[in-house]
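Down below is the structure, laid out as structure tokens.
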Amino acid sequence: MSTLKPTLADLRAFVTVGELQSFAAAARALHMSQPALSRRISHLEHLLDVRLFDRTTRSVALTPLGQRFLAQVRNVITDLDRSVVDLHDVAHLEAGDVTIGCVFSAVHHFLPAVIRTYRERHPHVLVRIIEEGADGVLHSVKSGEADFALNYTGMQDPEVAFTPLLKEPFVLACPVGHPLARRRSVRWAEIADYPYALVSHASRNRVLIDQALAELAPLPRPVCEFRHISTLIGFVENGLGVAIVPQLTLPRPPASVVGVRLEHPSISRTIGLTQRTGRSLSPAAAAFAELITQASQATARPARRVRA
């Protein structure tokens, strides 16, 4: 047999003739002349060194080998056509999926509105969210589990491209009726007069706080430590004390918790988009990332407080 391989056009021509049992009908379906189609089939038979069709002046029929070959090739052509359609749909956001990693403390601020807009524009794209701590979210990007992520770590990691979105201060979360709630700002030393809570040492947020306060006189031990910021907010909502949290984690007004700016020193973290270095985003992921970028460009909410 010739070492030359059949082309896709050869195989598509064979399948069309085999299914329609007519060179004339197949030629019309393929938008080519009947003589050109006949030459293509003859070329394929020559390459394979087998007869695929029995032809008469009035009919065309598959040979036994032709029937066997059609059963095999038909599925190949069907799968290929389906793959092309699927790829087109994914490229034009008519299908597909996107997976986003997000640190717990940024989920509620960024994602609900963005997901709502994204679903309105691309209702057939599945959105997956991976909520983890900073290290877990970074791993989800580096392992390829997430297309990209919202995180505040990874800036120094060569495997990750970090695009800053906004700088977010830490604030003192207080119950509305707390003595500090009406203040415009609070010094760290003043927190010592009240029961307060922090995230545990397992959180990257705690690392940022401890590093920033290393030069200050140590505060009394917190009355509680929690692994997640959302639990800290619940601690404050229940009137158990105050807590140090990133500003964007504060509940939206009206709420029973307000935030007061912390000073001397001020502490902040940079929230950004992270993705694997040198890897392009899929159309679905790129569209979601653009919406997050637009959301971050809105003016950050000020630390919420009760006015005097």
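Ordering of the structure tokens sets the chain letters (A, B, ...); residue numbers start at 1 within each chain; ligands are numbered from 1 in the order shown.
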Set the distance at 10 Å and use only C-alpha atoms: which residues neighbour A:Glu215 once local chain neighbours fewer than 4 positions away are removed? I'd like the list as a PyMOL selection string.
chain A and resi 210-211+265
Extract the full set of helix (DSSP H, G or I) residues from stretch 42-282 of chain A according to DSSP on the backbone, and format it as a JSON list (two decimals) with C-alpha atoms, in the first residue's frame.
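Below is the file part34.json, written as the result:
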[["chain", "number", "residue", "atom", "x", "y", "z"],
["A", 42, "SER", "CA", -10.70, 6.90, -6.96],
["A", 43, "HIS", "CA", -7.66, 8.56, -5.40],
["A", 44, "LEU", "CA", -8.65, 7.24, -1.97],
["A", 45, "GLU", "CA", -9.16, 3.72, -3.30],
["A", 46, "HIS", "CA", -5.74, 3.91, -4.96],
["A", 47, "LEU", "CA", -4.09, 5.01, -1.71],
["A", 48, "LEU", "CA", -5.79, 2.24, 0.28],
["A", 64, "PRO", "CA", -17.90, -5.27, 2.19],
["A", 65, "LEU", "CA", -14.57, -3.56, 2.86],
["A", 66, "GLY", "CA", -16.20, -0.21, 2.17],
["A", 67, "GLN", "CA", -18.93, -0.97, 4.73],
["A", 68, "ARG", "CA", -16.29, -1.88, 7.31],
["A", 69, "PHE", "CA", -14.28, 1.27, 6.59],
["A", 70, "LEU", "CA", -17.38, 3.49, 6.71],
["A", 71, "ALA", "CA", -18.32, 2.21, 10.17],
["A", 72, "GLN", "CA", -14.89, 3.20, 11.43],
["A", 73, "VAL", "CA", -14.40, 6.50, 9.61],
["A", 74, "ARG", "CA", -17.93, 7.85, 10.17],
["A", 75, "ASN", "CA", -17.30, 8.12, 13.93],
["A", 76, "VAL", "CA", -13.96, 9.84, 13.34],
["A", 77, "ILE", "CA", -15.55, 12.49, 11.10],
["A", 78, "THR", "CA", -18.50, 12.93, 13.49],
["A", 79, "ASP", "CA", -16.18, 13.37, 16.49],
["A", 80, "LEU", "CA", -14.02, 15.81, 14.59],
["A", 81, "ASP", "CA", -17.01, 17.89, 13.51],
["A", 82, "ARG", "CA", -18.32, 17.88, 17.06],
["A", 83, "SER", "CA", -14.91, 18.99, 18.36],
["A", 84, "VAL", "CA", -14.83, 21.89, 15.91],
["A", 85, "VAL", "CA", -18.31, 23.01, 16.98],
["A", 86, "ASP", "CA", -17.41, 22.64, 20.66],
["A", 87, "LEU", "CA", -14.22, 24.64, 20.19],
["A", 88, "HIS", "CA", -16.14, 27.39, 18.40],
["A", 89, "ASP", "CA", -18.69, 27.49, 21.21],
["A", 90, "VAL", "CA", -15.99, 27.70, 23.88],
["A", 91, "ALA", "CA", -14.10, 30.38, 21.99],
["A", 104, "PHE", "CA", -11.98, 33.56, 51.80],
["A", 105, "SER", "CA", -11.70, 37.20, 52.83],
["A", 106, "ALA", "CA", -12.32, 38.50, 49.28],
["A", 107, "VAL", "CA", -15.08, 36.14, 48.16],
["A", 108, "HIS", "CA", -18.08, 38.12, 49.35],
["A", 109, "HIS", "CA", -16.85, 41.50, 48.17],
["A", 110, "PHE", "CA", -15.76, 40.64, 44.64],
["A", 111, "LEU", "CA", -17.58, 37.58, 43.42],
["A", 112, "PRO", "CA", -21.38, 37.88, 43.85],
["A", 113, "ALA", "CA", -21.82, 40.93, 41.58],
["A", 114, "VAL", "CA", -19.23, 39.69, 39.09],
["A", 115, "ILE", "CA", -20.84, 36.25, 38.87],
["A", 116, "ARG", "CA", -24.26, 37.84, 38.36],
["A", 117, "THR", "CA", -23.01, 39.97, 35.44],
["A", 118, "TYR", "CA", -21.02, 37.09, 33.97],
["A", 119, "ARG", "CA", -24.02, 34.76, 34.08],
["A", 120, "GLU", "CA", -26.18, 37.36, 32.38],
["A", 121, "ARG", "CA", -23.67, 37.68, 29.53],
["A", 134, "ALA", "CA", -3.92, 32.33, 50.56],
["A", 135, "ASP", "CA", -1.55, 29.34, 50.32],
["A", 136, "GLY", "CA", -4.28, 27.02, 49.07],
["A", 137, "VAL", "CA", -5.37, 29.52, 46.42],
["A", 138, "LEU", "CA", -1.77, 30.00, 45.29],
["A", 139, "HIS", "CA", -1.40, 26.23, 44.95],
["A", 140, "SER", "CA", -4.61, 25.99, 42.91],
["A", 141, "VAL", "CA", -3.09, 28.36, 40.34],
["A", 142, "LYS", "CA", 0.36, 26.76, 40.25],
["A", 188, "TRP", "CA", -3.12, 50.09, 67.95],
["A", 189, "ALA", "CA", -2.22, 50.76, 71.57],
["A", 190, "GLU", "CA", -5.85, 51.74, 72.29],
["A", 191, "ILE", "CA", -7.05, 48.26, 71.39],
["A", 192, "ALA", "CA", -5.45, 46.98, 74.60],
["A", 193, "ASP", "CA", -8.34, 48.43, 76.61],
["A", 204, "ARG", "CA", -1.30, 34.84, 55.91],
["A", 205, "ASN", "CA", -3.22, 37.87, 57.17],
["A", 206, "ARG", "CA", -1.79, 37.21, 60.63],
["A", 207, "VAL", "CA", 1.72, 37.17, 59.17],
["A", 208, "LEU", "CA", 1.14, 40.65, 57.69],
["A", 209, "ILE", "CA", -0.16, 41.97, 61.02],
["A", 210, "ASP", "CA", 2.63, 40.47, 63.12],
["A", 211, "GLN", "CA", 5.33, 41.78, 60.78],
["A", 212, "ALA", "CA", 3.89, 45.31, 60.84],
["A", 229, "ILE", "CA", -12.10, 36.29, 58.72],
["A", 230, "SER", "CA", -15.82, 35.55, 58.40],
["A", 231, "THR", "CA", -15.76, 34.02, 61.89],
["A", 232, "LEU", "CA", -14.05, 37.15, 63.22],
["A", 233, "ILE", "CA", -16.90, 39.24, 61.85],
["A", 234, "GLY", "CA", -19.37, 36.94, 63.58],
["A", 235, "PHE", "CA", -17.44, 37.41, 66.85],
["A", 236, "VAL", "CA", -17.92, 41.18, 66.55],
["A", 237, "GLU", "CA", -21.56, 40.93, 65.44],
["A", 247, "GLN", "CA", -11.59, 46.46, 55.09],
["A", 248, "LEU", "CA", -13.35, 44.64, 52.24],
["A", 249, "THR", "CA", -14.50, 41.88, 54.56]]
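Counting only C-alpha atoms and comparing A:His92, A:Arg12, A:Arg221, A:Arg279, the residue that lies closest to A:Ala146 is A:Arg279.
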For a test of reading the model, state the distance in Å between atom CA of A:Pro246 and atom CA of A:Gln156, rounded to one decimal.
21.3 Å
Neighbours of A:Leu273 within 7 Å (only C-alpha atoms; same-chain residues fewer than 4 positions away dropped), as a short mmCIF file (atom, residue, chain, number, x, y, z; two decimals) with N, CA, C and O atoms, in the first residue's frame?
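And here is the file that came out, around_19.cif:
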data_model
loop_
_atom_site.label_atom_id
_atom_site.label_comp_id
_atom_site.auth_asym_id
_atom_site.auth_seq_id
_atom_site.Cartn_x
_atom_site.Cartn_y
_atom_site.Cartn_z
N PHE A 148 -7.18 31.22 37.13
CA PHE A 148 -6.51 32.34 37.78
C PHE A 148 -7.12 32.50 39.16
O PHE A 148 -8.04 31.75 39.54
N ALA A 149 -6.63 33.45 39.95
CA ALA A 149 -7.14 33.59 41.31
C ALA A 149 -7.06 35.03 41.78
O ALA A 149 -6.29 35.84 41.25
N LEU A 150 -7.87 35.32 42.78
CA LEU A 150 -7.78 36.56 43.56
C LEU A 150 -7.03 36.22 44.84
O LEU A 150 -7.47 35.38 45.62
N ASN A 151 -5.90 36.90 45.03
CA ASN A 151 -5.05 36.54 46.16
C ASN A 151 -4.24 37.76 46.58
O ASN A 151 -4.19 38.77 45.86
N PHE A 162 1.56 38.18 38.91
CA PHE A 162 0.68 38.88 39.86
C PHE A 162 0.34 40.25 39.29
O PHE A 162 1.23 41.06 39.04
N THR A 163 -0.95 40.52 39.09
CA THR A 163 -1.41 41.82 38.60
C THR A 163 -2.15 42.53 39.72
O THR A 163 -3.27 42.13 40.07
N PRO A 164 -1.57 43.58 40.31
CA PRO A 164 -2.24 44.27 41.43
C PRO A 164 -3.56 44.88 40.99
O PRO A 164 -3.68 45.43 39.90
#
Surrounding residues of A:Gln297 excluding itself and chain neighbours under 6 positions, 12 Å, only C-alpha atoms, as a PDB file with all heavy atoms, in the first residue's frame:
ATOM      1  N   PHE A 110     -15.980  40.614  46.077  1.00  0.00           N
ATOM      2  CA  PHE A 110     -15.764  40.636  44.640  1.00  0.00           C
ATOM      3  C   PHE A 110     -16.743  39.778  43.838  1.00  0.00           C
ATOM      4  O   PHE A 110     -17.236  40.190  42.790  1.00  0.00           O
ATOM      5  CB  PHE A 110     -14.339  40.160  44.318  1.00  0.00           C
ATOM      6  CG  PHE A 110     -13.298  41.219  44.472  1.00  0.00           C
ATOM      7  CD1 PHE A 110     -12.515  41.284  45.604  1.00  0.00           C
ATOM      8  CD2 PHE A 110     -13.097  42.163  43.479  1.00  0.00           C
ATOM      9  CE1 PHE A 110     -11.550  42.261  45.749  1.00  0.00           C
ATOM     10  CE2 PHE A 110     -12.137  43.144  43.609  1.00  0.00           C
ATOM     11  CZ  PHE A 110     -11.362  43.193  44.750  1.00  0.00           C
ATOM     12  N   PRO A 164      -1.567  43.581  40.314  1.00  0.00           N
ATOM     13  CA  PRO A 164      -2.240  44.268  41.428  1.00  0.00           C
ATOM     14  C   PRO A 164      -3.565  44.882  40.990  1.00  0.00           C
ATOM     15  O   PRO A 164      -3.685  45.431  39.901  1.00  0.00           O
ATOM     16  CB  PRO A 164      -1.230  45.356  41.827  1.00  0.00           C
ATOM     17  CG  PRO A 164       0.074  44.930  41.243  1.00  0.00           C
ATOM     18  CD  PRO A 164      -0.263  44.180  39.988  1.00  0.00           C
ATOM     19  N   LEU A 165      -4.569  44.779  41.862  1.00  0.00           N
ATOM     20  CA  LEU A 165      -5.870  45.381  41.603  1.00  0.00           C
ATOM     21  C   LEU A 165      -6.147  46.547  42.540  1.00  0.00           C
ATOM     22  O   LEU A 165      -6.567  47.608  42.115  1.00  0.00           O
ATOM     23  CB  LEU A 165      -6.978  44.334  41.748  1.00  0.00           C
ATOM     24  CG  LEU A 165      -6.994  43.212  40.724  1.00  0.00           C
ATOM     25  CD1 LEU A 165      -8.149  42.254  41.010  1.00  0.00           C
ATOM     26  CD2 LEU A 165      -7.109  43.750  39.304  1.00  0.00           C
ATOM     27  N   LEU A 166      -5.936  46.329  43.832  1.00  0.00           N
ATOM     28  CA  LEU A 166      -6.186  47.412  44.785  1.00  0.00           C
ATOM     29  C   LEU A 166      -5.430  47.152  46.085  1.00  0.00           C
ATOM     30  O   LEU A 166      -5.077  46.025  46.406  1.00  0.00           O
ATOM     31  CB  LEU A 166      -7.680  47.581  45.055  1.00  0.00           C
ATOM     32  CG  LEU A 166      -8.468  46.402  45.605  1.00  0.00           C
ATOM     33  CD1 LEU A 166      -8.380  46.323  47.130  1.00  0.00           C
ATOM     34  CD2 LEU A 166      -9.930  46.514  45.198  1.00  0.00           C
ATOM     35  N   LYS A 167      -5.169  48.246  46.792  1.00  0.00           N
ATOM     36  CA  LYS A 167      -4.525  48.169  48.097  1.00  0.00           C
ATOM     37  C   LYS A 167      -5.598  48.304  49.160  1.00  0.00           C
ATOM     38  O   LYS A 167      -6.363  49.267  49.164  1.00  0.00           O
ATOM     39  CB  LYS A 167      -3.484  49.287  48.239  1.00  0.00           C
ATOM     40  CG  LYS A 167      -2.502  49.081  49.374  1.00  0.00           C
ATOM     41  CD  LYS A 167      -1.379  50.096  49.284  1.00  0.00           C
ATOM     42  CE  LYS A 167      -0.327  49.821  50.354  1.00  0.00           C
ATOM     43  NZ  LYS A 167       0.796  50.792  50.262  1.00  0.00           N
ATOM     44  N   ILE A 271      -4.443  43.217  46.937  1.00  0.00           N
ATOM     45  CA  ILE A 271      -5.224  42.172  46.283  1.00  0.00           C
ATOM     46  C   ILE A 271      -4.922  42.216  44.790  1.00  0.00           C
ATOM     47  O   ILE A 271      -4.894  43.291  44.178  1.00  0.00           O
ATOM     48  CB  ILE A 271      -6.733  42.380  46.494  1.00  0.00           C
ATOM     49  CG1 ILE A 271      -7.067  42.348  47.988  1.00  0.00           C
ATOM     50  CG2 ILE A 271      -7.545  41.333  45.729  1.00  0.00           C
ATOM     51  CD1 ILE A 271      -6.970  40.992  48.612  1.00  0.00           C
ATOM     52  N   GLY A 272      -4.676  41.069  44.185  1.00  0.00           N
ATOM     53  CA  GLY A 272      -4.380  41.039  42.759  1.00  0.00           C
ATOM     54  C   GLY A 272      -4.830  39.754  42.094  1.00  0.00           C
ATOM     55  O   GLY A 272      -5.259  38.795  42.753  1.00  0.00           O
ATOM     56  N   GLU A 290     -11.644  40.150  33.343  1.00  0.00           N
ATOM     57  CA  GLU A 290     -11.921  41.536  32.958  1.00  0.00           C
ATOM     58  C   GLU A 290     -13.010  42.131  33.841  1.00  0.00           C
ATOM     59  O   GLU A 290     -12.910  43.298  34.256  1.00  0.00           O
ATOM     60  CB  GLU A 290     -12.344  41.586  31.489  1.00  0.00           C
ATOM     61  CG  GLU A 290     -12.730  42.977  30.993  1.00  0.00           C
ATOM     62  CD  GLU A 290     -11.593  43.977  31.066  1.00  0.00           C
ATOM     63  OE1 GLU A 290     -10.413  43.556  31.069  1.00  0.00           O
ATOM     64  OE2 GLU A 290     -11.882  45.189  31.132  1.00  0.00           O
ATOM     65  N   LEU A 291     -14.036  41.361  34.159  1.00  0.00           N
ATOM     66  CA  LEU A 291     -15.093  41.854  35.028  1.00  0.00           C
ATOM     67  C   LEU A 291     -14.572  42.123  36.443  1.00  0.00           C
ATOM     68  O   LEU A 291     -14.955  43.117  37.077  1.00  0.00           O
ATOM     69  CB  LEU A 291     -16.249  40.854  35.082  1.00  0.00           C
ATOM     70  CG  LEU A 291     -17.119  40.750  33.830  1.00  0.00           C
ATOM     71  CD1 LEU A 291     -18.179  39.669  34.011  1.00  0.00           C
ATOM     72  CD2 LEU A 291     -17.774  42.083  33.510  1.00  0.00           C
TER      73      LEU A 291
END
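For the choices A:Ala61, A:Val160, A:Val17, A:Ala36, the atom-to-atom distance to A:Thr277 is smallest for A:Val160 when using only C-alpha atoms.
Across the model, the gap from atom CA of A:Leu250 to atom CA of A:Val98 is 27.3 Å.
In terms of minimum interatomic distance to A:Ala284, A:Val127 ranks closest within A:Ala25, A:Leu172, A:Val127, A:Leu30, counting only C-alpha atoms.
Across A:Thr56, A:Ser38, A:Thr99, A:Asn238, the tightest approach to A:Val125 is made by A:Thr99 when counting only C-alpha atoms.
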